[in-house]
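First up is the structure itself, then whatever we jot down about it.
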Amino acid sequence: MSITSDNSNGAIVLVTGIGGFLAGHIALQLLKQGYRVRGSLRSIGTSAATVGQLGAHTDGHLQNLSLVQADLDSDGGWAAAVEGCDYVIHTASPFPPGFAEKENALIQTARDGALRVLREAHRARVKRVVLTSSIAATNHGDGQAPFTEENWTDPKSPRATPYYKSKTLAERAAWGFAHEVGLDLAVINPSMILGPLLGPNFGTSVGLIHHLMTGRFNGIPRFGFSVVDVRDTADAHIRAMTNPAAGGQRFIISGRFFWLKHLVAVLAHSFPDHASRLPSGVVSDEIVRVMAQNPTPMHEPLFMSSIATSVSVQQKPTASSGGAHVQKSNASAPAPKASSTWDWCRPRMENQQRDGQ
């Protein structure tokens with residue numbers, strides 16, 4: 001099947017892990033563009049909450065939404081989920097709130113789950129699969145910043161956390177399968193994803209903001225990472241799905257680089273009522289190195305998110321190496337000023353979830 005740059009008319013897109021932060025935004029944009037969206041959930045029992053969450057942010061598009069049950073750890077449900085679809089956007093991946101105690105299980109779920117989706121996509125003859133990976137799969141090998149799509153994380157590196165390994169090995173397996181059977185695959189490698197929440201629940205990346213604003217950090221590490229807006233990341237997935245030249249390529253999606261102290265300053269300016277709970281002191285590099293080597297659930301967002309973990313070297317933003325670009329980088333965008341831009345930072349009840357980014 002050939003891909004054209006405008007395929008929205010009646011096309012069906014499977015979005016896996018639709019209850020997740022990123023997947024929800026992808027589904028919203030697809031629905032607004034006229035696509036029919038089929039979302040997978042680990043449990044169909046959560047369908048009412050998912051419909052309610054998406055329905056609160058869209059007007060008159062939910063008639064094009066359907067939900068199915070399929071779990072990354074099981075073969076059941078995936079054939080039915082993919083049947084009749086034109087495209088698949090696979091965002092679902094395990095992203096535990098704490099440091100993974102069962103590393104092999106984490107890797108197996110990510111890798112085998114991706115292969116389950118890709119096998120059924122191949123059998124169903126979909127036009128293209130877009131896989132959500134991460135800069136966790138690019139930034140922790142023998143390369144140096146600025147990283148490009150040519151870089152790969154070394155799973156045997158001491159810097160490779162269980163999450164980094166899971167994203168790297170899952171993406172490697174996906175490319176291996178795609179090349180073996182001739183499946184049209186594109187991969188998005190985003191940096192740390194932040195942006196507007198669609199509901200009260202959030203995962204590990206946004207959890208960092210929650211930790212900062214609720215007084216769970218007593219000091220500020222000399223630590224930095226690149227941030228990308230969830231809406232830009234969703235848009236990149238859709239462009240990679242429909243851009244004819246995007247097949248067979250990886251795309252690093254990354255925006256402005258923040259030192260943590262600068263992010264704290266933005267939060268203090270935007271939310272003065274919470275400023276007293278934000279960290280103010282400086283944490284030494286030596287302490288941060290110990291934290292990185294022995295992370296705890298409280299500090300895990302710093303080391304589990306798709307971000308750079310080097311604290312002794314000033315690591316600059318990732319940069320795309322070229323090719324078929326599917327979106328413009330927001331790296332040169334001005335610093336956020338108005339609190340409306342940062343409404344996603346408002347403290348909410350923490351509820352870590354595995355389904356999606």
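Simple scheme: letters A, B, ... for chains in structure tokens order, numbers from 1 for residues in each chain, numbers from 1 for ligands in the order shown.
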I'd like the neighbourhood of region 121-131 of chain A as a PyMOL selection string, where a residue qualifies if any of its atoms comes within 6 Å (using only C-alpha atoms), though same-chain residues fewer than 3 positions away should be ignored.
chain A and resi 1+83+86-90+118+184-187
Selected residues, N, CA, C and O atoms, written as a CSV table (one decimal), in the first residue's frame, please.
chain,number,residue,atom,x,y,z
A,1,MET,N,0.8,-1.2,0.0
A,1,MET,CA,0.0,0.0,0.0
A,1,MET,C,0.9,1.2,0.0
A,1,MET,O,1.8,1.3,0.7
A,83,GLU,N,-7.0,-5.5,13.0
A,83,GLU,CA,-7.8,-5.8,11.8
A,83,GLU,C,-8.5,-4.6,11.2
A,83,GLU,O,-9.2,-3.9,11.9
A,86,ASP,N,-5.6,1.1,8.9
A,86,ASP,CA,-4.6,1.6,7.8
A,86,ASP,C,-3.3,1.8,8.4
A,86,ASP,O,-2.3,1.6,7.7
A,87,TYR,N,-3.2,2.3,9.7
A,87,TYR,CA,-2.0,2.6,10.3
A,87,TYR,C,-2.0,2.1,11.8
A,87,TYR,O,-3.1,1.9,12.4
A,88,VAL,N,-0.8,2.0,12.3
A,88,VAL,CA,-0.7,1.7,13.8
A,88,VAL,C,0.3,2.6,14.4
A,88,VAL,O,1.4,2.8,13.8
A,89,ILE,N,0.0,3.3,15.5
A,89,ILE,CA,0.9,4.1,16.3
A,89,ILE,C,1.1,3.4,17.6
A,89,ILE,O,0.1,3.3,18.4
A,90,HIS,N,2.2,2.8,17.8
A,90,HIS,CA,2.5,2.0,19.0
A,90,HIS,C,3.2,2.8,20.0
A,90,HIS,O,4.4,3.0,20.0
A,118,LEU,N,3.7,-5.5,16.0
A,118,LEU,CA,4.3,-5.4,14.6
A,118,LEU,C,3.9,-6.7,13.8
A,118,LEU,O,3.6,-6.5,12.6
A,184,ASP,N,6.8,-1.4,6.7
A,184,ASP,CA,7.1,0.0,6.7
A,184,ASP,C,7.0,0.6,8.1
A,184,ASP,O,5.9,0.6,8.7
A,185,LEU,N,8.1,1.0,8.7
A,185,LEU,CA,8.2,1.4,10.1
A,185,LEU,C,8.9,2.7,10.1
A,185,LEU,O,9.9,3.0,9.4
A,186,ALA,N,8.4,3.6,11.0
A,186,ALA,CA,9.1,4.8,11.4
A,186,ALA,C,9.1,4.9,12.9
A,186,ALA,O,8.2,4.4,13.6
A,187,VAL,N,10.2,5.5,13.4
A,187,VAL,CA,10.3,5.6,14.9
A,187,VAL,C,10.5,7.0,15.3
A,187,VAL,O,11.3,7.7,14.7
Would you pick out the contacts of Asn189 (chain A) at 6 Å or less, using only C-alpha atoms, so that residues sharing its chain but fewer than 5 positions from it are not included, and give the list as an NGL selection string?
:A and (133-135 or 251-253)
Point out the residue among A:Ser74, A:Asn64, A:Asn9, A:Ser270 with the least atom-to-atom distance to Arg42 (chain A), counting only C-alpha atoms.
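Going through A:Ser74, A:Asn64, A:Asn9, A:Ser270 one by one, the smallest distance to Arg42 (chain A) is for A:Ser74.
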Once DSSP has gone over the backbone, tell me which residues of region 82-320 of chain A are in strand (DSSP E), as JSON, numbers by chain.
{"A": [87, 88, 89, 90, 128, 129, 130, 131, 132, 185, 186, 187, 188, 189, 190, 192, 193, 194, 219, 220, 221, 224, 225, 226, 227, 228, 229, 250, 251, 252, 253, 257, 258, 259, 281, 282, 283]}
Quick one, how far is CA of Leu198 (chain A) from CA of Arg239 (chain A)?
21.7 Å
One decimal, Å: what's the distance from CA of Pro200 (chain A) over to CA of Val82 (chain A), could you say?
29.0 Å
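Using only C-alpha atoms, the shortest contact distance between Ile44 (chain A) and any of A:Gly77, A:Lys165, A:Ile12, A:His237 is found at A:Gly77.
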Can you work out the spacing between CA of Ser276 (chain A) and CA of Asp229 (chain A) in Å, to one decimal?
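Computing it gives 26.3 Å between the two atoms.
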Have a look at A:Gly219, A:Gly60, A:Gly255, A:Pro155 and name the one nearest to Pro190 (chain A); count only C-alpha atoms.
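Of A:Gly219, A:Gly60, A:Gly255, A:Pro155, the one nearest Pro190 (chain A), counting only C-alpha atoms, is A:Gly255.
Comparing A:Gly34, A:His25, A:Leu115, A:Glu150 by their smallest distance to Leu183 (chain A), the closest is A:Leu115 (using only C-alpha atoms).
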Return as a ChimeraX atom specification the full set of residues in region 178-230 of chain A whose backbone-based DSSP assignment is helix (DSSP H, G or I).
/A:178-181,204-213,230
Using only C-alpha atoms, which protein or nucleic acid residues come within 8 Å of Ile220 (chain A)? Drop anything in the same chain fewer than 3 positions from it, and give the result as an MDAnalysis selection string.
chainID A and resid 217 223 260:261 279:283
